[in-house]
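Novice: As input, take coords.tsv (TSV, C-alpha atoms and all ligand atoms):
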chain	number	residue	atom	x	y	z
A	1485	MET	CA	15.81	38.25	-36.85
A	1486	ASP	CA	18.27	36.37	-39.03
A	1487	ARG	CA	20.64	33.66	-37.88
A	1488	ASN	CA	23.60	35.96	-37.19
A	1489	GLU	CA	21.44	38.33	-35.16
A	1490	ILE	CA	20.21	35.44	-33.03
A	1491	LEU	CA	23.78	34.22	-32.45
A	1492	ASN	CA	24.96	37.75	-31.64
A	1493	TRP	CA	22.11	38.12	-29.18
A	1494	ILE	CA	23.01	34.85	-27.44
A	1495	PHE	CA	26.74	35.48	-27.20
A	1496	ASN	CA	26.48	39.16	-26.28
A	1497	ASN	CA	24.40	38.31	-23.24
A	1498	GLU	CA	25.62	36.63	-20.09
A	1499	ILE	CA	25.05	32.87	-20.15
A	1500	ILE	CA	24.77	31.32	-16.69
A	1501	ASP	CA	25.25	27.58	-16.28
A	1502	LEU	CA	22.85	26.42	-13.55
A	1503	SER	CA	24.09	22.82	-13.44
A	1504	ILE	CA	26.01	20.90	-10.79
A	1505	ASN	CA	28.93	18.67	-11.83
A	1506	LEU	CA	28.27	14.94	-11.74
A	1507	ASN	CA	30.99	13.10	-9.82
A	1508	LYS	CA	31.47	10.33	-7.30
A	1509	SER	CA	31.56	12.60	-4.27
A	1510	MET	CA	28.41	14.54	-5.16
A	1511	ARG	CA	25.77	15.14	-2.54
A	1512	THR	CA	22.51	13.19	-2.50
A	1513	TYR	CA	19.09	13.51	-0.94
A	1514	PRO	CA	19.37	12.00	2.59
A	1515	THR	CA	17.45	8.82	1.73
A	1516	VAL	CA	19.35	8.18	-1.51
A	1517	GLU	CA	22.43	5.97	-1.90
A	1518	ASN	CA	25.78	7.44	-2.90
A	1519	PRO	CA	26.51	7.48	-6.64
A	1520	GLU	CA	28.96	5.02	-8.16
A	1521	PHE	CA	31.33	5.86	-11.00
A	1522	LYS	CA	33.31	2.92	-12.31
A	1523	LYS	CA	35.96	3.26	-15.02
A	1524	LEU	CA	35.51	0.25	-17.30
A	1525	HIS	CA	38.53	1.09	-19.42
A	1526	ILE	CA	41.35	3.60	-19.09
A	1527	THR	CA	43.24	5.19	-21.94
A	1528	SER	CA	46.76	4.34	-20.71
A	1529	THR	CA	46.16	0.58	-20.84
A	1530	ASP	CA	43.10	0.10	-23.07
A	1531	GLY	CA	43.56	2.96	-25.52
A	1532	PHE	CA	40.21	4.43	-24.63
A	1533	GLN	CA	38.15	5.38	-21.60
A	1534	ASP	CA	34.55	4.78	-20.67
A	1535	THR	CA	32.60	4.79	-17.42
A	1536	LYS	CA	29.66	3.00	-15.87
A	1537	ILE	CA	27.56	5.25	-13.68
A	1538	CYS	CA	25.01	4.26	-11.05
A	1539	LEU	CA	23.16	7.42	-10.13
A	1540	ASN	CA	19.69	8.11	-8.79
A	1541	THR	CA	17.60	10.08	-11.30
A	1542	HIS	CA	17.03	12.75	-8.62
A	1543	THR	CA	20.70	13.32	-7.77
A	1544	GLY	CA	22.32	16.50	-9.05
A	1545	THR	CA	20.62	19.08	-11.26
A	1546	HIS	CA	17.54	17.43	-12.73
A	1547	ILE	CA	13.96	17.88	-13.88
A	1548	ASP	CA	11.13	15.94	-12.22
A	1549	ALA	CA	8.69	14.36	-14.68
A	1550	PRO	CA	4.95	14.22	-13.86
A	1551	SER	CA	5.38	10.43	-13.39
A	1552	HIS	CA	7.58	11.12	-10.34
A	1553	MET	CA	4.46	11.57	-8.20
A	1554	ILE	CA	1.48	10.91	-10.46
A	1555	ASP	CA	0.43	7.43	-11.42
A	1556	GLY	CA	0.29	7.28	-15.23
A	1557	GLY	CA	1.85	10.76	-15.60
A	1558	LEU	CA	4.17	11.59	-18.48
A	1559	ASP	CA	7.69	10.26	-18.14
A	1560	ILE	CA	10.75	12.39	-18.80
A	1561	SER	CA	11.26	11.01	-22.33
A	1562	GLU	CA	7.79	12.31	-23.24
A	1563	THR	CA	8.59	15.88	-22.23
A	1564	ALA	CA	7.97	18.39	-25.00
A	1565	ILE	CA	11.09	20.48	-25.62
A	1566	THR	CA	8.89	23.58	-25.76
A	1567	SER	CA	7.84	22.93	-22.14
A	1568	LEU	CA	11.40	23.55	-21.02
A	1569	ILE	CA	12.54	26.54	-23.03
A	1570	GLY	CA	11.06	29.93	-22.28
A	1571	ARG	CA	10.87	33.34	-20.68
A	1572	ALA	CA	12.41	33.09	-17.24
A	1573	ILE	CA	12.83	35.07	-14.04
A	1574	ILE	CA	15.27	34.40	-11.21
A	1575	LEU	CA	13.67	35.60	-7.98
A	1576	ASN	CA	15.98	36.86	-5.26
A	1577	LEU	CA	14.93	34.97	-2.12
A	1578	SER	CA	18.40	35.04	-0.58
A	1579	TYR	CA	16.95	36.35	2.68
A	1580	LYS	CA	15.50	32.88	3.32
A	1581	LYS	CA	17.19	30.99	6.16
A	1582	ARG	CA	17.89	27.30	6.75
A	1583	LYS	CA	14.72	25.19	6.55
A	1584	GLU	CA	12.60	28.30	5.93
A	1585	GLU	CA	9.47	28.06	3.79
A	1586	ILE	CA	9.02	30.09	0.62
A	1587	THR	CA	5.38	31.14	0.81
A	1588	LYS	CA	2.76	32.80	-1.36
A	1589	GLU	CA	3.55	36.02	0.49
A	1590	ASP	CA	7.18	35.91	-0.69
A	1591	LEU	CA	6.13	35.22	-4.27
A	1592	MET	CA	3.48	37.95	-4.30
A	1593	ASN	CA	6.34	40.46	-4.24
A	1594	PHE	CA	6.96	39.39	-7.86
A	1595	HIS	CA	3.29	39.29	-8.89
A	1596	GLU	CA	3.78	42.08	-11.46
A	1597	GLN	CA	6.65	40.21	-13.14
A	1598	ILE	CA	5.21	36.69	-13.33
A	1599	GLU	CA	3.32	35.88	-16.53
A	1600	LYS	CA	1.56	32.83	-17.89
A	1601	ASN	CA	4.03	30.21	-19.24
A	1602	ASP	CA	6.97	31.72	-17.35
A	1603	MET	CA	9.82	29.65	-15.98
A	1604	ILE	CA	10.49	30.68	-12.39
A	1605	ILE	CA	13.75	30.11	-10.53
A	1606	LEU	CA	13.75	30.39	-6.75
A	1607	TYR	CA	17.21	31.72	-5.80
A	1608	THR	CA	18.22	31.24	-2.18
A	1609	GLY	CA	21.98	31.00	-2.70
A	1610	TRP	CA	21.86	27.49	-1.24
A	1611	THR	CA	24.55	26.05	-3.55
A	1612	ASN	CA	27.12	28.03	-1.53
A	1613	ASN	CA	26.49	25.49	1.25
A	1614	TYR	CA	27.40	22.52	-0.96
A	1615	ASP	CA	30.29	21.45	1.29
A	1616	ARG	CA	28.39	21.89	4.55
A	1617	ASP	CA	26.97	18.85	6.33
A	1618	PHE	CA	23.47	20.35	6.41
A	1619	TYR	CA	23.34	20.91	2.63
A	1620	SER	CA	21.07	17.94	1.90
A	1621	THR	CA	18.57	18.56	4.69
A	1622	ASP	CA	18.24	22.23	5.64
A	1623	TYR	CA	17.57	24.02	2.33
A	1624	PRO	CA	14.74	26.58	2.11
A	1625	TYR	CA	11.78	25.17	0.21
A	1626	LEU	CA	8.48	25.99	-1.45
A	1627	ASP	CA	5.49	25.48	0.85
A	1628	ILE	CA	1.98	24.50	-0.24
A	1629	SER	CA	0.74	28.11	-0.35
A	1630	GLY	CA	3.62	29.01	-2.67
A	1631	ALA	CA	3.02	26.00	-4.91
A	1632	THR	CA	-0.71	26.83	-5.06
A	1633	TYR	CA	0.05	30.41	-6.03
A	1634	LEU	CA	2.51	29.42	-8.78
A	1635	SER	CA	-0.03	26.92	-10.14
A	1636	SER	CA	-2.67	29.64	-10.28
A	1637	GLN	CA	-0.30	31.83	-12.32
A	1638	LYS	CA	-0.07	29.04	-14.94
A	1639	ILE	CA	3.70	29.04	-15.11
A	1640	LYS	CA	5.33	26.06	-16.85
A	1641	PHE	CA	8.45	25.48	-14.75
A	1642	VAL	CA	9.72	26.17	-11.26
A	1643	GLY	CA	13.33	25.55	-10.33
A	1644	THR	CA	15.11	25.72	-6.99
A	1645	ASP	CA	18.71	25.66	-5.81
A	1646	GLY	CA	17.49	23.56	-2.87
A	1647	VAL	CA	17.92	19.80	-3.04
A	1648	SER	CA	14.16	19.37	-3.48
A	1649	ILE	CA	11.25	21.72	-4.18
A	1650	ALA	CA	9.68	20.46	-0.91
A	1651	GLY	CA	11.27	20.48	2.53
A	1652	PHE	CA	13.04	17.51	4.04
A	1653	THR	CA	11.85	16.11	7.33
A	1654	LYS	CA	12.86	13.06	9.32
A	1655	ASP	CA	9.44	13.05	10.95
A	1656	THR	CA	7.42	10.40	9.17
A	1657	ASN	CA	4.35	10.72	11.42
A	1658	ASP	CA	2.50	12.60	8.71
A	1659	ASN	CA	3.99	10.37	5.96
A	1660	ASN	CA	5.63	13.51	4.61
A	1661	ILE	CA	2.28	14.53	3.13
A	1662	HIS	CA	3.51	18.07	2.43
A	1663	ILE	CA	6.29	16.71	0.17
A	1664	PHE	CA	3.77	14.83	-1.97
A	1665	LYS	CA	1.29	17.69	-1.94
A	1666	THR	CA	3.79	20.31	-3.10
A	1667	HIS	CA	5.06	18.11	-5.93
A	1668	ARG	CA	1.58	17.00	-7.03
A	1669	LEU	CA	0.14	20.50	-7.02
A	1670	LEU	CA	2.75	21.40	-9.62
A	1671	LEU	CA	3.11	18.16	-11.60
A	1672	GLU	CA	-0.66	17.69	-12.01
A	1673	ARG	CA	-0.72	21.00	-13.87
A	1674	LYS	CA	2.28	19.94	-15.98
A	1675	ILE	CA	4.52	22.44	-14.23
A	1676	TYR	CA	7.95	20.87	-14.48
A	1677	ILE	CA	10.16	21.04	-11.40
A	1678	GLY	CA	13.90	21.71	-11.56
A	1679	GLU	CA	15.83	20.68	-8.46
A	1680	GLU	CA	19.34	21.33	-7.19
A	1681	LEU	CA	20.13	24.10	-9.65
A	1682	ASN	CA	23.64	25.48	-9.22
A	1683	THR	CA	23.24	29.18	-8.52
A	1684	THR	CA	26.86	30.03	-7.64
A	1685	GLN	CA	27.23	32.05	-10.85
A	1686	VAL	CA	24.07	34.13	-10.28
A	1687	ARG	CA	24.85	37.69	-9.19
A	1688	PHE	CA	22.23	40.25	-8.24
A	1689	GLN	CA	23.13	43.92	-8.47
A	1690	GLU	CA	22.53	45.87	-5.30
A	1691	GLN	CA	18.77	46.31	-4.70
A	1692	GLU	CA	17.99	43.95	-7.58
A	1693	SER	CA	15.17	41.58	-6.64
A	1694	PHE	CA	14.89	39.62	-9.89
A	1695	ILE	CA	16.80	38.87	-13.09
A	1696	GLU	CA	15.02	38.33	-16.40
A	1697	GLY	CA	16.18	36.08	-19.19
A	1698	ILE	CA	15.58	32.93	-21.16
A	1699	LEU	CA	15.92	29.45	-19.71
A	1700	ILE	CA	16.87	26.27	-21.52
A	1701	ALA	CA	16.41	23.31	-19.16
A	1702	LEU	CA	16.63	20.08	-21.13
A	1703	PRO	CA	16.67	16.69	-19.40
A	1704	ILE	CA	18.14	13.61	-21.02
A	1705	LYS	CA	15.56	11.19	-22.38
A	1706	ILE	CA	14.98	8.11	-20.24
A	1707	ILE	CA	12.08	5.79	-21.10
A	1708	ASP	CA	9.93	5.47	-17.94
A	1709	GLY	CA	12.21	8.07	-16.38
A	1710	ASP	CA	10.64	9.83	-13.40
A	1711	ALA	CA	13.31	12.54	-13.75
A	1712	GLY	CA	16.25	13.41	-15.98
A	1713	TRP	CA	19.66	14.95	-15.27
A	1714	SER	CA	19.82	18.26	-17.03
A	1715	ARG	CA	22.18	20.92	-18.29
A	1716	ILE	CA	20.25	24.06	-17.42
A	1717	ILE	CA	21.32	27.41	-18.82
A	1718	PHE	CA	19.96	30.90	-18.30
A	1719	ILE	CA	20.63	33.63	-20.86
A	1720	LYS	CA	20.35	37.00	-19.20
A	1721	SER	CA	18.46	39.57	-21.27
B	1	ZN	ZN	13.48	15.23	-8.11
For this file, produce the structure as structure tokens.
Specialist:
Amino acid sequence: MDRNEILNWIFNNEIIDLSINLNKSMRTYPTVENPEFKKLHITSTDGFQDTKICLNTHTGTHIDAPSHMIDGGLDISETAITSLIGRAIILNLSYKKRKEEITKEDLMNFHEQIEKNDMIILYTGWTNNYDRDFYSTDYPYLDISGATYLSSQKIKFVGTDGVSIAGFTKDTNDNNIHIFKTHRLLLERKIYIGEELNTTQVRFQEQESFIEGILIALPIKIIDGDAGWSRIIFIKS
């Protein structure tokens, strides 16, 4: 394939932007402080504009680095670009309800499609609830059986339109063990996790249960970063 053929291929296919806008009123994980955006200069008086941002690394569309939950794990600046570009499948899990688990059983429906080194996107349509008060707490999430299954399939990335790959609970009796377990199962096997993908532009045809394409999910490089905000794009093919 020469250069023009590659460009034609890219631009003749649908490109879906899976990223949420960064702004001062964006939603955060319940335990995370609100973001701050401060204009340091404005064009009308200073001739130029720049902004200071105070934003948790896990707010908005981002990739979790292994160091998020593994002591001594790779940080986000050490991520190989090839780990985050690849063959991808968006799985239609839109039947999942508030706070419902995505289990091995759900994922087994796509067993024929999932290959080694795939990048899997769990579509629940959750971004459509962005303005609802339960957005940050009630998203469907991957349970331990689902994370174990995906690990066994040796995929390299799993992304969700939920706020986290694991479910949120206020109950701290169990120290939220399931949250750690789900993340670690994936991160220990260098399966990168994409969280809070914006799926408002994803459209399934009637009866369509998955969409195939190529994913480019590149986080910004932060030394010691446990995550990185990312512009994530899916090229349908
Ligand atoms: Zn995260």
Novice: Using all atoms listed in the file, which of A:Lys1720, A:His1662, A:His1525, A:His1552 sits nearest ligand ZN 1 (chain B)?
Specialist: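 For ligand ZN 1 (chain B), the nearest of the given residues is A:His1552.
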Novice: Which residues of region 1523-1595 of chain A have any atom within 10 Å of an atom in region 1681-1698 of chain A when counting all atoms listed in the file, and what is the closest pair of atoms for each, with the distance in Å to one decimal? Order the rows by chain and rising number and write it as JSON lines.
Specialist:
{"residue": "A:Gly1544", "atom": "CA", "partner": "A:Leu1681", "partner_atom": "CA", "distance": 7.9}
{"residue": "A:Thr1545", "atom": "CA", "partner": "A:Leu1681", "partner_atom": "CA", "distance": 5.3}
{"residue": "A:His1546", "atom": "CA", "partner": "A:Leu1681", "partner_atom": "CA", "distance": 7.8}
{"residue": "A:Ile1547", "atom": "CA", "partner": "A:Leu1681", "partner_atom": "CA", "distance": 9.7}
{"residue": "A:Ile1569", "atom": "CA", "partner": "A:Ile1698", "partner_atom": "CA", "distance": 7.3}
{"residue": "A:Gly1570", "atom": "CA", "partner": "A:Ile1698", "partner_atom": "CA", "distance": 5.5}
{"residue": "A:Arg1571", "atom": "CA", "partner": "A:Ile1698", "partner_atom": "CA", "distance": 4.8}
{"residue": "A:Ala1572", "atom": "CA", "partner": "A:Ile1698", "partner_atom": "CA", "distance": 5.0}
{"residue": "A:Ile1573", "atom": "CA", "partner": "A:Glu1696", "partner_atom": "CA", "distance": 4.6}
{"residue": "A:Ile1574", "atom": "CA", "partner": "A:Ile1695", "partner_atom": "CA", "distance": 5.1}
{"residue": "A:Leu1575", "atom": "CA", "partner": "A:Phe1694", "partner_atom": "CA", "distance": 4.6}
{"residue": "A:Asn1576", "atom": "CA", "partner": "A:Ser1693", "partner_atom": "CA", "distance": 5.0}
{"residue": "A:Leu1577", "atom": "CA", "partner": "A:Ser1693", "partner_atom": "CA", "distance": 8.0}
{"residue": "A:Ser1578", "atom": "CA", "partner": "A:Ser1693", "partner_atom": "CA", "distance": 9.5}
{"residue": "A:Asn1593", "atom": "CA", "partner": "A:Ser1693", "partner_atom": "CA", "distance": 9.2}
{"residue": "A:Phe1594", "atom": "CA", "partner": "A:Phe1694", "partner_atom": "CA", "distance": 8.2}
Novice: Counting only C-alpha atoms and all ligand atoms, name the residues that have an atom within 10 Å of an atom of ligand ZN 1 (chain B); the answer should be given as a ChimeraX atom specification.
Specialist: /A:1513,1540-1549,1552-1553,1647-1650,1667,1677-1680,1710-1713
Novice: Using all atoms listed in the file, can you list as a PDB file with C-alpha atoms, in the frame of the given file the residues within 7 Å of (16.4, 29.5, -3.8)?
Specialist:
ATOM      1  CA  LEU A1577      14.930  34.970  -2.120  1.00  0.00           C
ATOM      2  CA  SER A1578      18.400  35.040  -0.580  1.00  0.00           C
ATOM      3  CA  LEU A1606      13.750  30.390  -6.750  1.00  0.00           C
ATOM      4  CA  TYR A1607      17.210  31.720  -5.800  1.00  0.00           C
ATOM      5  CA  THR A1608      18.220  31.240  -2.180  1.00  0.00           C
ATOM      6  CA  GLY A1609      21.980  31.000  -2.700  1.00  0.00           C
ATOM      7  CA  TRP A1610      21.860  27.490  -1.240  1.00  0.00           C
ATOM      8  CA  PRO A1624      14.740  26.580   2.110  1.00  0.00           C
ATOM      9  CA  THR A1644      15.110  25.720  -6.990  1.00  0.00           C
ATOM     10  CA  ASP A1645      18.710  25.660  -5.810  1.00  0.00           C
ATOM     11  CA  GLY A1646      17.490  23.560  -2.870  1.00  0.00           C
TER      12      GLY A1646
END
Novice: What's the 7 Å shell around Asp1534 (chain A), counting all atoms listed in the file, without same-chain residues fewer than 2 positions away, as a PyMOL selection string?
Specialist: chain A and resi 1523-1525+1532
Novice: Interatomic distance between CA of Val1516 (chain A) and CA of Leu1539 (chain A)?
Specialist: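 A separation of 9.5 Å between them.
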Novice: Place a sphere of radius 6 Å on (0.4, 13.8, -9.2) in the file coordinates and name every protein, DNA or RNA residue with an atom inside or on its surface, counting all atoms listed in the file; give the answer as a list in words.
Specialist: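 Checked against the point, the hits come out as Met1553, Ile1554, Arg1668, Leu1671 and Glu1672 of chain A.
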Novice: Which distance in Å separates CA of Ile1526 (chain A) and CA of Thr1512 (chain A), to one decimal?
Specialist: 26.9 Å
Novice: Quote the spacing between CA of Ile1716 (chain A) and CA of Ile1499 (chain A) in Å to one decimal place.
Specialist: 10.4 Å
Novice: Nearest residue to Asn1496 (chain A) out of A:Ile1628, A:Phe1664, A:Ser1721, A:Lys1522, using only C-alpha atoms?
Specialist: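 The shortest atom-to-atom distance to Asn1496 (chain A) comes from A:Ser1721.
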Novice: Find the residues around Glu1589 (chain A) up to 9 Å (only C-alpha atoms counted), leave out those fewer than 3 positions away in its own chain, and share them as JSON, numbers by chain.
Specialist: {"A": [1586, 1592, 1593, 1629, 1630]}
